[in-house]
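**Student:** Below you'll find the structure I mean.
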Amino acid sequence: MTTTDTQVTDAIAAARAWAADDPDPQTRSELEAVVAACEAGDDAATEDLLDRMSGMLQFGTAGLRGALGGGPNRMNRAVVIRAAAGLTAYLQKTDPEPFVVIGFDARFNSDVFARDTAAVVLGAGGRASVLPRPLPTPVLAYAIRHLGADAGVMVTASHNPPEDNGYKVYLGDGSQIVSPSDTYIAAEIARIERVADVPLADDGWDTLGDEVLESYLTHVVDVVSPDSPRDLVVVHTALHGVGSETVARAFEAAGYAAPLQVPSQAEPDPLFPTVPFPNPEEPGAMDAALDLAEQTGPDVVIANDPDADRCAVAVPGPGGWRMLRGDEVGVLLGAHLLDRGVSSDAVFANSIVSSRMLATVCRAAGIAHEETLTGFKWISRVPGLRYGYEEALGYCVDPDEVRDKDGVSAALVVAEIAASLKASGGSITERLDELAVTHGVHATDAFAVRVEDLSLIDQIMARLRASPLSSVAGVEVSTVDDLAKGDGGLPPTEGLRWFLADDSRIIVRPSGTEPKLKVYLEVIEAVVEGDLAGARSRAAERLAAIRSELEAATAL
């Protein structure tokens with residue numbers, strides 16, 4: 001027998017054992033069908049089986065996320081029950097009767113996974129409350145502290161493709177888990193030999209009414225000033241996710257007109273039929289919203305991703321509607337909160353892959369600023385946080401209520417900015433110009449190298465370490481940080497960061513949620529004698545030159 005034959009034989013045996021323990025007849029029969037096709041000599045089925053049985057879907061600081069289907073390397077009831085049992089066992093180290101609150105979005109099986117989690121918690125002797133229907137992730141994040149839970153679970157894959165689902169875990173402080181909690185939970189999951197051995201309650205958990213949503217809405221309106229202008233027309237899209245109702249109600253409760261919804265995308269649909277990829281950053285995702293904007297002439301377009309924890313913004317301009325970059329929205333929100341006034345001990349923060357412009361604005365205002373690792377699990381834990389963001393459209397404007405990114409409250413603050421500027425005869429574009437003139441052009445760009453085989457990412461990172469960049473686009477590298485070693489004063493994480501002699505910055509890191517390597521670029525160009533156009537032109541040229549070299553350096 002060749003090694004490949006041995007691997008296939010072992011995978012078939014493991015698949016049969018897994019299927020025998022699978023509580024879901026659908027995924028059980030699906031896996032059995034793959035085994036049968038593999039045994040019949042189907043090469044595609046063999047490859048599929050080896051992938052499904054390549055190991056347990058890994059539980060980490062992002063929880064779980066993966067394609068739906070049968071087998072340990074897929075999202076399914078067997079994997080979720082194990083995760084819920086591991087989480088509960090971890091919580092019972094400090095409380096024998098832990099209380100867990102559970103939310104879910106409208107993806108395939110999200111409600112099933114939420115009920116399974118509640119059944120596991122009760123079966124182990126804990127208490128569980130489940131939100132009443134598909135609701136935004138920020139509502140679950142709010143519910144944890146509002147209800148005094150020991151932990152929270154949100155069943156969502158955020159902006160991943162339709163075939164995926166995920167499992168996001170929060171602790172009782174309302175923040176996502178970080179190391180070493182993920183390691184301890186993973187260790188408890190690994191102790192579970194059979195799903196059949198996990199006690200499941202038939203019922204007994206609390207299915208909540210609307211009181212948590214109503215409380216969230218009562219608090220979320222406080223992110224805008226009661227006496228700020230309210231004359232504003234907004235086009236909004238939920239991208240087939242769960243944000244439409246909550247956003248509309250939040251706007252009306254805050255005194256704004258309800259946004260004009262994109263009809264084809266307003267209702268939850270796990271197939272995401274009108275978008276190639278349900279992420280407002282992806283090409284084509286915003287086409288329907290921008291088409292509606294062309295027809296109706298609103299002041300601003302706002303989009304949420306499917307679980308409504310992210311917020312995207314488009315503004316009108318001379319050449320038509322333009323999507324703002326996440327860093328532009330990030331500094332716009334931060335500068336607005338500073339203009340409104342914050343306490344002298346307030347701290348603003350953003351991730352290392354986000355622009356350094358917010359730090360510059362904070363420095364000018366005399367307000368502390370922190371830089372964190374990527375992800376709101378880190379941003380939300382900054383002591384004294386008043387505002388935090390990351391360039392991937394995540395904004396936390398009210399950490400006292402939601403210690404995570406919140407696309408609903410961020411949308412309200414965007415509305416306040418747009419309405420205030422409209423009332424004074426200005427615009428968001430003009431405000432961004434003012435910030436650039438004052439603090440310099442901070443031009444950013446990013447691209448991703450998508451892979452089928454995750455080992456290719458390791459190969460690229462190893463190549464960059466073995467043959468380090470000494471100059472980029474003709475500019476000498478002044479500093480190299482190997483983030484895996486904790487260089488730069490942050491906790492170790494896989495990635496590399498370069499600063500060039502002209503203060504340009506490059507970061508290369510693997511995505512935490514998708515099979516791709518991400519590259520982030522930033523250049524800073526001073527605005528001399530008010531020549532903003534010239535500064536932007538110079539910055540764009542520098543950025544393009546750096547990108548060209550990094551595309552070559554990270555090519556497969």
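Residue names in the structure tokens use chain letters A, B, ... in the order shown, residue numbers from 1 in each chain, and ligand numbers from 1 in the order shown.
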I'd like a table as a tab-separated table: residues in segment 145-253 of chain A with an atom no more than 10 Å from segment 384-402 of chain A, each row giving the shortest atom pair and its distance in Å to one decimal, only C-alpha atoms counted, sorted by chain and rising residue number.

**Tutor:**
```
residue	atom	partner	partner_atom	distance
A:Arg145	CA	A:Glu401	CA	8.1
A:His146	CA	A:Glu401	CA	8.5
A:Asp173	CA	A:Val402	CA	9.9
A:Gly174	CA	A:Val402	CA	7.1
A:Ser175	CA	A:Val402	CA	8.4
A:Tyr216	CA	A:Glu401	CA	8.3
A:His219	CA	A:Glu401	CA	7.6
A:Val220	CA	A:Asp398	CA	8.1
A:Asp222	CA	A:Asp398	CA	8.9
A:Val223	CA	A:Asp398	CA	6.8
```

**Student:** Any chance you could export the current selection's C-alpha atoms as an mmCIF file, in the first residue's frame?

**Tutor:**
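Once everything was written out, this is out_5.cif:
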```
data_model
loop_
_atom_site.group_PDB
_atom_site.id
_atom_site.type_symbol
_atom_site.label_atom_id
_atom_site.label_comp_id
_atom_site.auth_asym_id
_atom_site.auth_seq_id
_atom_site.Cartn_x
_atom_site.Cartn_y
_atom_site.Cartn_z
ATOM 1 C CA ARG A 145 -23.367 42.521 30.234
ATOM 2 C CA HIS A 146 -27.000 43.646 30.212
ATOM 3 C CA ASP A 173 -16.922 41.317 30.244
ATOM 4 C CA GLY A 174 -18.559 41.518 26.820
ATOM 5 C CA SER A 175 -15.309 41.142 24.882
ATOM 6 C CA TYR A 216 -30.138 48.056 23.185
ATOM 7 C CA HIS A 219 -28.991 52.990 24.699
ATOM 8 C CA VAL A 220 -27.788 53.114 21.095
ATOM 9 C CA ASP A 222 -27.285 58.044 23.022
ATOM 10 C CA VAL A 223 -24.329 57.872 20.603
#
```

**Student:** Name the residues in contact with segment 530-545 of chain A at a cut-off of 7 Å, using only C-alpha atoms, excluding same-chain residues fewer than 6 positions from it; report them as an mmCIF file with N, CA and C atoms, in the first residue's frame.

**Tutor:**
```cif
data_model
loop_
_atom_site.group_PDB
_atom_site.id
_atom_site.type_symbol
_atom_site.label_atom_id
_atom_site.label_comp_id
_atom_site.auth_asym_id
_atom_site.auth_seq_id
_atom_site.Cartn_x
_atom_site.Cartn_y
_atom_site.Cartn_z
ATOM 1 N N VAL A 437 -5.422 68.137 5.033
ATOM 2 C CA VAL A 437 -4.616 69.358 5.000
ATOM 3 C C VAL A 437 -3.959 69.589 6.360
ATOM 4 N N VAL A 441 -1.673 63.796 4.230
ATOM 5 C CA VAL A 441 -2.344 62.734 3.491
ATOM 6 C C VAL A 441 -1.805 61.392 3.993
ATOM 7 N N ALA A 443 -2.290 57.906 2.872
ATOM 8 C CA ALA A 443 -2.852 57.088 1.796
ATOM 9 C C ALA A 443 -2.610 55.617 2.101
ATOM 10 N N ALA A 473 10.717 50.138 -3.578
ATOM 11 C CA ALA A 473 10.473 51.273 -4.462
ATOM 12 C C ALA A 473 11.584 52.316 -4.359
ATOM 13 N N VAL A 523 1.382 55.249 3.076
ATOM 14 C CA VAL A 523 2.371 56.312 2.914
ATOM 15 C C VAL A 523 1.779 57.593 3.482
ATOM 16 N N ILE A 524 2.643 58.457 3.961
ATOM 17 C CA ILE A 524 2.223 59.746 4.523
ATOM 18 C C ILE A 524 2.901 60.849 3.727
#
```

**Student:** Find the residues near Leu68 of chain A: any atom within 7 Å, counting only C-alpha atoms, skip ones fewer than 6 places away on the same chain, and give them as a list of chain:residue names.

**Tutor:** A:Arg74, A:Met75, A:Asn76, A:Glu163, A:Asp164, A:Asn165

**Student:** Determine which residues of segment 3-69 of chain A receive a DSSP assignment of strand (DSSP E or B), computed from the backbone, and state them as a PyMOL selection string.

**Tutor:** chain A and resi 60+63-68

**Student:** In terms of the shortest atom-to-atom distance over only C-alpha atoms, which of A:Leu208, A:Ala368, A:Ala143, A:Ala552 is closest to Leu338 of chain A?

**Tutor:**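 Selected residue with least distance to Leu338 of chain A: A:Ala368.
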
**Student:** Nearest residue to Arg325 of chain A out of A:Val347, A:Glu188, A:Ala118, A:Ala446, using only C-alpha atoms?

**Tutor:**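 The shortest atom-to-atom distance to Arg325 of chain A comes from A:Ala446.
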
**Student:** What does the distance between atom CA of Glu193 of chain A and atom CA of Arg52 of chain A come to in Å, to one decimal place?

**Tutor:** 17.8 Å

**Student:** For Tyr520 of chain A, work out the shell of residues within 9 Å, counting only C-alpha atoms and skipping chain neighbours fewer than 3 positions away, then give it as a PyMOL selection string.

**Tutor:** chain A and resi 353-354+444-448+505-509

**Student:** Excluding Val120 of chain A and any residue of its chain fewer than 5 positions from it, enumerate the residues within 12 Å of it, using only C-alpha atoms, and give them as a PyMOL selection string.

**Tutor:** chain A and resi 77-78+80-89+98-100+102+113-115+125-128+195-205

**Student:** From segment 248-473 of chain A, collect each residue whose DSSP state is helix (DSSP H, G or I) and return the set as a PyMOL selection string.

**Tutor:** chain A and resi 248-253+263-265+287-296+326-340+357-365+376-379+407-423+428-439+455-466

**Student:** So how far away is atom CA of Pro306 of chain A from atom CA of His159 of chain A, in Å?

**Tutor:**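 So the two atoms, atom CA of His159 of chain A and atom CA of Pro306 of chain A, lie 5.9 Å apart.
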
**Student:** Env of Gly334 of chain A: 12 Å cut, atoms = only C-alpha atoms, seq-sep filter 4 positions within chain, self excluded. Answer as number ranges by chain.

**Tutor:** A: 327-330, 338-342, 346-350, 357-362, 365, 367, 369, 386-390, 395-398, 410, 413-414, 417, 432, 435

**Student:** Atom CA of Thr374 of chain A to atom CA of Val477 of chain A: how many Å, to one decimal?

**Tutor:** 23.0 Å

**Student:** Identify, on the basis of only C-alpha atoms, every residue whose closest approach to segment 253-257 of chain A does not exceed 9 Å; exclude the query and any residue fewer than 6 positions from it along the same chain; express the result as a JSON list (two decimals) with N, CA and C atoms, in the first residue's frame.

**Tutor:**
```json
[["chain", "number", "residue", "atom", "x", "y", "z"],
["A", 217, "LEU", "N", -31.71, 49.36, 21.87],
["A", 217, "LEU", "CA", -32.14, 50.53, 21.09],
["A", 217, "LEU", "C", -32.24, 51.77, 21.97],
["A", 218, "THR", "N", -32.66, 51.59, 23.21],
["A", 218, "THR", "CA", -32.74, 52.72, 24.14],
["A", 218, "THR", "C", -31.36, 53.34, 24.37],
["A", 220, "VAL", "N", -28.56, 52.80, 22.29],
["A", 220, "VAL", "CA", -27.79, 53.11, 21.09],
["A", 220, "VAL", "C", -28.05, 54.54, 20.60],
["A", 221, "VAL", "N", -29.23, 55.08, 20.88],
["A", 221, "VAL", "CA", -29.53, 56.44, 20.41],
["A", 221, "VAL", "C", -28.68, 57.48, 21.13],
["A", 222, "ASP", "N", -28.11, 57.10, 22.27],
["A", 222, "ASP", "CA", -27.29, 58.04, 23.02],
["A", 222, "ASP", "C", -25.94, 58.33, 22.35],
["A", 224, "VAL", "N", -25.57, 59.72, 19.57],
["A", 224, "VAL", "CA", -25.68, 60.99, 18.86],
["A", 224, "VAL", "C", -26.22, 62.07, 19.80],
["A", 226, "PRO", "N", -28.48, 64.92, 21.22],
["A", 226, "PRO", "CA", -29.92, 65.16, 21.04],
["A", 226, "PRO", "C", -30.24, 66.44, 20.28],
["A", 230, "ARG", "N", -31.05, 66.80, 12.20],
["A", 230, "ARG", "CA", -31.63, 65.50, 11.84],
["A", 230, "ARG", "C", -32.08, 65.45, 10.38],
["A", 231, "ASP", "N", -31.89, 66.51, 9.63],
["A", 231, "ASP", "CA", -32.32, 66.53, 8.23],
["A", 231, "ASP", "C", -31.34, 65.74, 7.38],
["A", 232, "LEU", "N", -31.71, 64.52, 7.01],
["A", 232, "LEU", "CA", -30.80, 63.64, 6.30],
["A", 232, "LEU", "C", -31.58, 62.55, 5.56],
["A", 233, "VAL", "N", -31.14, 62.26, 4.35],
["A", 233, "VAL", "CA", -31.71, 61.15, 3.58],
["A", 233, "VAL", "C", -30.61, 60.10, 3.40],
["A", 234, "VAL", "N", -30.90, 58.88, 3.82],
["A", 234, "VAL", "CA", -29.92, 57.79, 3.81],
["A", 234, "VAL", "C", -30.46, 56.63, 3.00],
["A", 412, "LEU", "N", -25.27, 55.41, 13.05],
["A", 412, "LEU", "CA", -25.89, 56.60, 13.64],
["A", 412, "LEU", "C", -24.91, 57.76, 13.72],
["A", 415, "ALA", "N", -24.45, 59.23, 10.42],
["A", 415, "ALA", "CA", -25.61, 60.07, 10.11],
["A", 415, "ALA", "C", -25.49, 61.43, 10.79]]
```

**Student:** Can you work out which one of A:Ser181, A:Asp307, A:Trp18, A:Ser29 has the shortest atom-to-atom distance to Thr156 of chain A, counting only C-alpha atoms?

**Tutor:**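 Among A:Ser181, A:Asp307, A:Trp18, A:Ser29, it is A:Asp307 that comes nearest to Thr156 of chain A.
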
**Student:** In terms of the shortest atom-to-atom distance over only C-alpha atoms, which of A:Val449, A:Ile189, A:Leu556, A:Ala124 is closest to Glu97 of chain A?

**Tutor:**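 Under the stated criterion, the closest residue is A:Ala124.
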